[in-house]
file run-v5.csv (CSV, C-alpha atoms and all ligand atoms)
chain,number,residue,atom,x,y,z
C,58,MET,CA,-2.7,22.5,6.6
C,59,PRO,CA,-0.1,20.2,8.3
C,60,VAL,CA,1.1,17.1,6.5
C,61,LEU,CA,-1.0,14.0,7.2
C,62,LYS,CA,0.4,11.8,9.9
C,63,ILE,CA,1.3,8.3,8.8
C,64,LEU,CA,0.1,5.5,11.2
C,65,LYS,CA,2.7,3.1,12.3
C,66,TYR,CA,2.5,-0.6,13.0
C,67,PRO,CA,0.9,-2.0,15.2
C,68,ASP,CA,-1.9,0.5,14.9
C,69,PRO,CA,-5.1,-1.6,14.6
C,70,ILE,CA,-6.5,0.6,11.8
C,71,LEU,CA,-3.8,-0.9,9.5
C,72,ASN,CA,-5.6,-4.3,9.8
C,73,LYS,CA,-9.0,-3.0,8.8
C,74,LYS,CA,-10.7,-3.5,5.4
C,75,CYS,CA,-11.5,-0.3,3.5
C,76,GLY,CA,-14.8,0.6,1.8
C,77,GLU,CA,-15.3,1.4,-1.8
C,78,VAL,CA,-15.4,5.1,-2.8
C,79,VAL,CA,-18.9,5.8,-4.0
C,80,GLU,CA,-18.4,9.3,-5.4
C,81,ILE,CA,-15.2,11.1,-6.3
C,82,ASN,CA,-15.9,14.6,-5.0
C,83,LEU,CA,-13.8,17.5,-3.7
C,84,GLU,CA,-13.2,15.8,-0.4
C,85,ILE,CA,-11.7,12.8,-2.1
C,86,ASN,CA,-9.6,15.0,-4.4
C,87,LYS,CA,-8.3,16.9,-1.4
C,88,LEU,CA,-7.5,13.7,0.4
C,89,ILE,CA,-5.6,12.4,-2.7
C,90,GLU,CA,-3.6,15.7,-2.8
C,91,ASN,CA,-2.8,15.4,0.9
C,92,MET,CA,-1.8,11.7,0.5
C,93,ILE,CA,0.6,12.6,-2.3
C,94,GLU,CA,2.1,15.3,-0.2
C,95,ALA,CA,2.6,12.9,2.8
C,96,MET,CA,4.1,10.3,0.5
C,97,ASN,CA,6.6,12.8,-0.9
C,98,LYS,CA,7.5,14.4,2.4
C,99,ASN,CA,8.2,10.9,3.8
C,100,LYS,CA,10.2,9.9,0.7
C,101,GLY,CA,7.8,7.0,0.0
C,102,VAL,CA,7.0,5.4,-3.4
C,103,GLY,CA,3.4,4.6,-2.4
C,104,LEU,CA,0.8,5.2,0.2
C,105,ALA,CA,-2.7,3.8,1.0
C,106,ALA,CA,-5.5,5.8,2.6
C,107,PRO,CA,-5.7,3.6,5.7
C,108,GLN,CA,-2.1,4.5,6.5
C,109,VAL,CA,-3.4,8.1,7.1
C,110,GLY,CA,-6.4,6.8,9.1
C,111,VAL,CA,-9.0,6.9,6.2
C,112,LEU,CA,-10.7,3.6,5.6
C,113,LYS,CA,-11.4,4.2,1.9
C,114,ARG,CA,-10.1,2.3,-1.2
C,115,ILE,CA,-7.5,4.9,-2.4
C,116,ILE,CA,-3.8,4.5,-3.2
C,117,VAL,CA,-1.2,6.8,-4.5
C,118,LEU,CA,2.0,5.7,-6.2
C,119,GLU,CA,5.1,7.4,-7.5
C,120,SER,CA,5.5,6.6,-11.2
C,121,GLU,CA,8.0,7.6,-13.9
C,122,LYS,CA,5.6,10.4,-14.8
C,123,GLY,CA,5.1,11.6,-11.3
C,124,PRO,CA,2.5,10.8,-8.6
C,125,VAL,CA,-0.6,8.9,-9.6
C,126,ALA,CA,-3.8,8.0,-7.7
C,127,PHE,CA,-6.0,5.0,-8.1
C,128,VAL,CA,-9.5,4.8,-6.6
C,129,ASN,CA,-11.1,1.4,-5.9
C,130,PRO,CA,-8.1,-0.4,-7.4
C,131,LYS,CA,-8.8,-4.1,-8.2
C,132,ILE,CA,-6.2,-6.6,-9.4
C,133,ILE,CA,-7.9,-8.8,-11.9
C,134,LYS,CA,-5.0,-10.9,-13.2
C,135,LYS,CA,-1.6,-11.9,-11.8
C,136,SER,CA,1.3,-13.5,-13.7
C,137,LYS,CA,2.4,-16.9,-12.6
C,138,LYS,CA,5.9,-15.7,-12.6
C,139,THR,CA,6.9,-14.2,-9.3
C,140,GLU,CA,10.0,-12.3,-8.2
C,141,ILE,CA,11.6,-11.3,-4.9
C,142,ILE,CA,12.1,-7.6,-4.4
C,143,GLU,CA,13.1,-5.8,-1.2
C,144,GLU,CA,10.1,-3.7,0.1
C,145,GLY,CA,9.8,-1.0,2.7
C,146,CYS,CA,6.6,0.5,4.1
C,147,LEU,CA,6.0,4.0,5.5
C,148,SER,CA,4.1,2.3,8.4
C,149,PHE,CA,7.3,0.3,9.3
C,150,SER,CA,10.2,2.8,9.6
C,151,GLY,CA,13.6,1.3,8.9
C,152,ILE,CA,12.3,-2.2,8.1
C,153,PHE,CA,13.1,-3.7,4.6
C,154,LEU,CA,12.1,-7.2,3.7
C,155,ASP,CA,12.5,-9.5,0.7
C,156,ILE,CA,9.0,-10.2,-0.5
C,157,SER,CA,7.9,-12.5,-3.3
C,158,ARG,CA,5.0,-11.4,-5.5
C,159,PRO,CA,3.7,-11.8,-9.1
C,160,ARG,CA,5.9,-10.0,-11.5
C,161,GLU,CA,3.0,-8.5,-13.7
C,162,ILE,CA,-0.6,-7.7,-13.0
C,163,GLU,CA,-3.7,-6.4,-14.7
C,164,ALA,CA,-5.8,-4.1,-12.7
C,165,GLU,CA,-8.9,-1.9,-12.9
C,166,ALA,CA,-9.4,1.3,-11.1
C,167,LEU,CA,-10.9,4.8,-11.3
C,168,THR,CA,-8.6,7.8,-11.9
C,169,GLU,CA,-9.0,10.8,-9.6
C,170,ASP,CA,-11.2,12.3,-12.3
C,171,GLY,CA,-13.6,9.3,-12.0
C,172,GLU,CA,-12.5,7.7,-15.3
C,173,LYS,CA,-12.6,3.9,-15.3
C,174,ILE,CA,-9.2,2.5,-16.5
C,175,LYS,CA,-7.7,-0.9,-17.1
C,176,ILE,CA,-3.9,-1.2,-16.8
C,177,LYS,CA,-1.3,-3.9,-17.4
C,178,ILE,CA,1.9,-3.2,-15.4
C,179,GLY,CA,5.1,-4.8,-14.4
C,180,GLY,CA,8.3,-4.0,-12.5
C,181,LEU,CA,8.5,-1.7,-9.6
C,182,LEU,CA,5.1,-0.1,-10.4
C,183,ALA,CA,3.3,-3.5,-10.2
C,184,ARG,CA,5.2,-4.2,-7.0
C,185,VAL,CA,4.0,-1.0,-5.3
C,186,PHE,CA,0.5,-1.3,-6.7
C,187,GLN,CA,0.2,-4.8,-5.1
C,188,HIS,CA,1.7,-3.6,-1.8
C,189,GLU,CA,-0.7,-0.6,-1.6
C,190,THR,CA,-3.8,-2.5,-2.7
C,191,ASP,CA,-3.1,-5.1,0.0
C,192,HIS,CA,-3.3,-2.2,2.6
C,193,LEU,CA,-6.9,-1.7,1.6
C,194,ASP,CA,-7.7,-5.2,2.8
C,195,GLY,CA,-5.7,-4.8,6.0
C,196,ILE,CA,-2.9,-6.9,4.6
C,197,LEU,CA,0.7,-5.8,5.4
C,198,PHE,CA,3.9,-6.8,3.7
C,199,ILE,CA,5.0,-8.9,6.7
C,200,ASP,CA,1.9,-11.1,6.1
C,201,HIS,CA,3.6,-12.3,2.9
C,202,LEU,CA,6.5,-13.8,4.8
C,203,PRO,CA,6.7,-17.5,5.6
C,204,PHE,CA,5.2,-18.2,9.1
C,205,TRP,CA,8.4,-18.5,11.1
C,206,ARG,CA,10.0,-15.4,9.5
C,207,ARG,CA,6.9,-13.4,10.2
C,208,LEU,CA,6.9,-14.5,13.8
C,209,LYS,CA,10.5,-13.5,14.2
C,210,ILE,CA,9.9,-10.0,12.6
C,211,LYS,CA,6.8,-9.5,14.8
C,212,ASN,CA,8.7,-10.3,17.9
C,213,LYS,CA,11.5,-7.9,16.9
C,214,LEU,CA,8.9,-5.2,16.2
C,215,ARG,CA,7.2,-5.8,19.5
C,216,ASN,CA,10.5,-5.2,21.3
C,217,CYS,CA,11.0,-2.0,19.3
C,218,PHE,CA,7.6,-0.6,20.5
C,219,ARG,CA,8.1,-1.6,24.1
C,220,ASP,CA,9.1,1.4,26.3
B,1,ZN,ZN,2.9,-0.2,3.1
call {"tool": "encode", "arguments": {"input": "run-v5.csv", "output": "structure tokens"}}
result
Amino acid sequence: MPVLKILKYPDPILNKKCGEVVEINLEINKLIENMIEAMNKNKGVGLAAPQVGVLKRIIVLESEKGPVAFVNPKIIKKSKKTEIIEEGCLSFSGIFLDISRPREIEAEALTEDGEKIKIKIGGLLARVFQHETDHLDGILFIDHLPFWRRLKIKNKLRNCFRD
């Protein structure tokens, strides 16, 4: 099977809200496997299902222990402390932006085996988790920029996509 194609901004699918996964079956496991493959092939550190055109609440991340998948991830607590880290996104080739987000989070999710877990994470993993979970609600990293900077970036991107 060919590697899943990653949708690029401004594809309207990237603005859609995804639905919860009701049952983790073979189809979901296969999708997770294919998402991890697409993330690795594109040298990403995270990928959300809508980026491959599937409107389901699934994300995959690269962790110290290798790739991990989270189904129906939900952030339940965010630290007041924020930090600015440069982020990229596989749906925005070549664009890197300084984004401010909470430094630590607590989240609930299902593993790819359907086990319910609660995690407390910080650092880069928390960063990627937040970025990817945003995708499930149609929120992109540029949406975290202050209004005028966002406008500037959007204009720049619009010019890139004009033939
Ligand atoms: Zn992204």
call {"tool": "atom_distance", "arguments": {"input": "run-v5.csv", "atom1": "CA of Arg207 in chain C", "atom2": "CA of Ser120 in chain C"}}
result
29.3 Å
call {"tool": "residues_near_ligand", "arguments": {"input": "run-v5.csv", "ligand": "ligand ZN 1 (chain B)", "cutoff": "12 Å", "atoms": "only C-alpha atoms and all ligand atoms", "output": "PyMOL selection string"}}
result
chain C and resi 63-66+71-72+96+101-109+116-118+144-150+152-154+184-200
call {"tool": "write_last_selection", "arguments": {"input": "run-v5.csv", "atoms": "C-alpha atoms", "output": "PDB file, in the coordinates of the input"}}
result
ATOM      1  CA  ILE C  63       1.300   8.300   8.800  1.00  0.00           C
ATOM      2  CA  LEU C  64       0.100   5.500  11.200  1.00  0.00           C
ATOM      3  CA  LYS C  65       2.700   3.100  12.300  1.00  0.00           C
ATOM      4  CA  TYR C  66       2.500  -0.600  13.000  1.00  0.00           C
ATOM      5  CA  LEU C  71      -3.800  -0.900   9.500  1.00  0.00           C
ATOM      6  CA  ASN C  72      -5.600  -4.300   9.800  1.00  0.00           C
ATOM      7  CA  MET C  96       4.100  10.300   0.500  1.00  0.00           C
ATOM      8  CA  GLY C 101       7.800   7.000   0.000  1.00  0.00           C
ATOM      9  CA  VAL C 102       7.000   5.400  -3.400  1.00  0.00           C
ATOM     10  CA  GLY C 103       3.400   4.600  -2.400  1.00  0.00           C
ATOM     11  CA  LEU C 104       0.800   5.200   0.200  1.00  0.00           C
ATOM     12  CA  ALA C 105      -2.700   3.800   1.000  1.00  0.00           C
ATOM     13  CA  ALA C 106      -5.500   5.800   2.600  1.00  0.00           C
ATOM     14  CA  PRO C 107      -5.700   3.600   5.700  1.00  0.00           C
ATOM     15  CA  GLN C 108      -2.100   4.500   6.500  1.00  0.00           C
ATOM     16  CA  VAL C 109      -3.400   8.100   7.100  1.00  0.00           C
ATOM     17  CA  ILE C 116      -3.800   4.500  -3.200  1.00  0.00           C
ATOM     18  CA  VAL C 117      -1.200   6.800  -4.500  1.00  0.00           C
ATOM     19  CA  LEU C 118       2.000   5.700  -6.200  1.00  0.00           C
ATOM     20  CA  GLU C 144      10.100  -3.700   0.100  1.00  0.00           C
ATOM     21  CA  GLY C 145       9.800  -1.000   2.700  1.00  0.00           C
ATOM     22  CA  CYS C 146       6.600   0.500   4.100  1.00  0.00           C
ATOM     23  CA  LEU C 147       6.000   4.000   5.500  1.00  0.00           C
ATOM     24  CA  SER C 148       4.100   2.300   8.400  1.00  0.00           C
ATOM     25  CA  PHE C 149       7.300   0.300   9.300  1.00  0.00           C
ATOM     26  CA  SER C 150      10.200   2.800   9.600  1.00  0.00           C
ATOM     27  CA  ILE C 152      12.300  -2.200   8.100  1.00  0.00           C
ATOM     28  CA  PHE C 153      13.100  -3.700   4.600  1.00  0.00           C
ATOM     29  CA  LEU C 154      12.100  -7.200   3.700  1.00  0.00           C
ATOM     30  CA  ARG C 184       5.200  -4.200  -7.000  1.00  0.00           C
ATOM     31  CA  VAL C 185       4.000  -1.000  -5.300  1.00  0.00           C
ATOM     32  CA  PHE C 186       0.500  -1.300  -6.700  1.00  0.00           C
ATOM     33  CA  GLN C 187       0.200  -4.800  -5.100  1.00  0.00           C
ATOM     34  CA  HIS C 188       1.700  -3.600  -1.800  1.00  0.00           C
ATOM     35  CA  GLU C 189      -0.700  -0.600  -1.600  1.00  0.00           C
ATOM     36  CA  THR C 190      -3.800  -2.500  -2.700  1.00  0.00           C
ATOM     37  CA  ASP C 191      -3.100  -5.100   0.000  1.00  0.00           C
ATOM     38  CA  HIS C 192      -3.300  -2.200   2.600  1.00  0.00           C
ATOM     39  CA  LEU C 193      -6.900  -1.700   1.600  1.00  0.00           C
ATOM     40  CA  ASP C 194      -7.700  -5.200   2.800  1.00  0.00           C
ATOM     41  CA  GLY C 195      -5.700  -4.800   6.000  1.00  0.00           C
ATOM     42  CA  ILE C 196      -2.900  -6.900   4.600  1.00  0.00           C
ATOM     43  CA  LEU C 197       0.700  -5.800   5.400  1.00  0.00           C
ATOM     44  CA  PHE C 198       3.900  -6.800   3.700  1.00  0.00           C
ATOM     45  CA  ILE C 199       5.000  -8.900   6.700  1.00  0.00           C
ATOM     46  CA  ASP C 200       1.900 -11.100   6.100  1.00  0.00           C
TER      47      ASP C 200
END
call {"tool": "atom_distance", "arguments": {"input": "run-v5.csv", "atom1": "CA of Asn216 in chain C", "atom2": "CA of Pro67 in chain C"}}
result
11.8 Å
call {"tool": "closest_residue", "arguments": {"input": "run-v5.csv", "among": "C:Glu94, C:Asp155, C:Glu77, C:Glu163", "to": "Lys62 in chain C", "atoms": "only C-alpha atoms"}}
result
C:Glu94
call {"tool": "residues_near_point", "arguments": {"input": "run-v5.csv", "point": "(-7.5, 14.0, -13.0)", "cutoff": "10 Å", "atoms": "all atoms listed in the file", "output": "JSON, numbers by chain"}}
result
{"C": [86, 125, 126, 167, 168, 169, 170, 171, 172]}
call {"tool": "atom_distance", "arguments": {"input": "run-v5.csv", "atom1": "CA of Met58 in chain C", "atom2": "CA of Lys87 in chain C"}}
result
11.3 Å
call {"tool": "residues_around", "arguments": {"input": "run-v5.csv", "residues": "Leu61 in chain C", "least_positions_apart": "5", "cutoff": "8 Å", "atoms": "all atoms listed in the file", "output": "list in words"}}
result
Asn91, Met92, Ala95 and Val109 of chain C
call {"tool": "residues_around", "arguments": {"input": "run-v5.csv", "residues": "His201 in chain C", "least_positions_apart": "6", "cutoff": "9 Å", "atoms": "all atoms listed in the file", "output": "JSON, numbers by chain"}}
result
{"C": [156, 157, 158, 207]}
call {"tool": "closest_residue", "arguments": {"input": "run-v5.csv", "among": "C:Lys98, C:Lys74, C:Lys122, C:Arg206", "to": "Leu182 in chain C", "atoms": "only C-alpha atoms"}}
result
C:Lys122
call {"tool": "closest_residue", "arguments": {"input": "run-v5.csv", "among": "C:Asn97, C:Asn82, C:Asn129, C:Asn212", "to": "Ile115 in chain C", "atoms": "only C-alpha atoms"}}
result
C:Asn129
call {"tool": "closest_residue", "arguments": {"input": "run-v5.csv", "among": "C:Leu208, C:Cys217, C:Ile142, C:Ala166", "to": "Gly180 in chain C", "atoms": "only C-alpha atoms"}}
result
C:Ile142
call {"tool": "closest_residue", "arguments": {"input": "run-v5.csv", "among": "C:Lys131, C:Ile178, C:Lys211, C:Ile93", "to": "Glu119 in chain C", "atoms": "all atoms listed in the file"}}
result
C:Ile93
call {"tool": "residues_around", "arguments": {"input": "run-v5.csv", "residues": "Ser136 in chain C", "least_positions_apart": "6", "cutoff": "7 Å", "atoms": "all atoms listed in the file", "output": "PDB file with C-alpha atoms, keeping the file's coordinate frame"}}
result
ATOM      1  CA  PRO C 159       3.700 -11.800  -9.100  1.00  0.00           C
ATOM      2  CA  ARG C 160       5.900 -10.000 -11.500  1.00  0.00           C
ATOM      3  CA  GLU C 161       3.000  -8.500 -13.700  1.00  0.00           C
ATOM      4  CA  ILE C 162      -0.600  -7.700 -13.000  1.00  0.00           C
TER       5      ILE C 162
END
call {"tool": "closest_residue", "arguments": {"input": "run-v5.csv", "among": "C:Gly151, C:Pro124, C:Pro59, C:Pro130", "to": "Gly76 in chain C", "atoms": "all atoms listed in the file"}}
result
C:Pro130
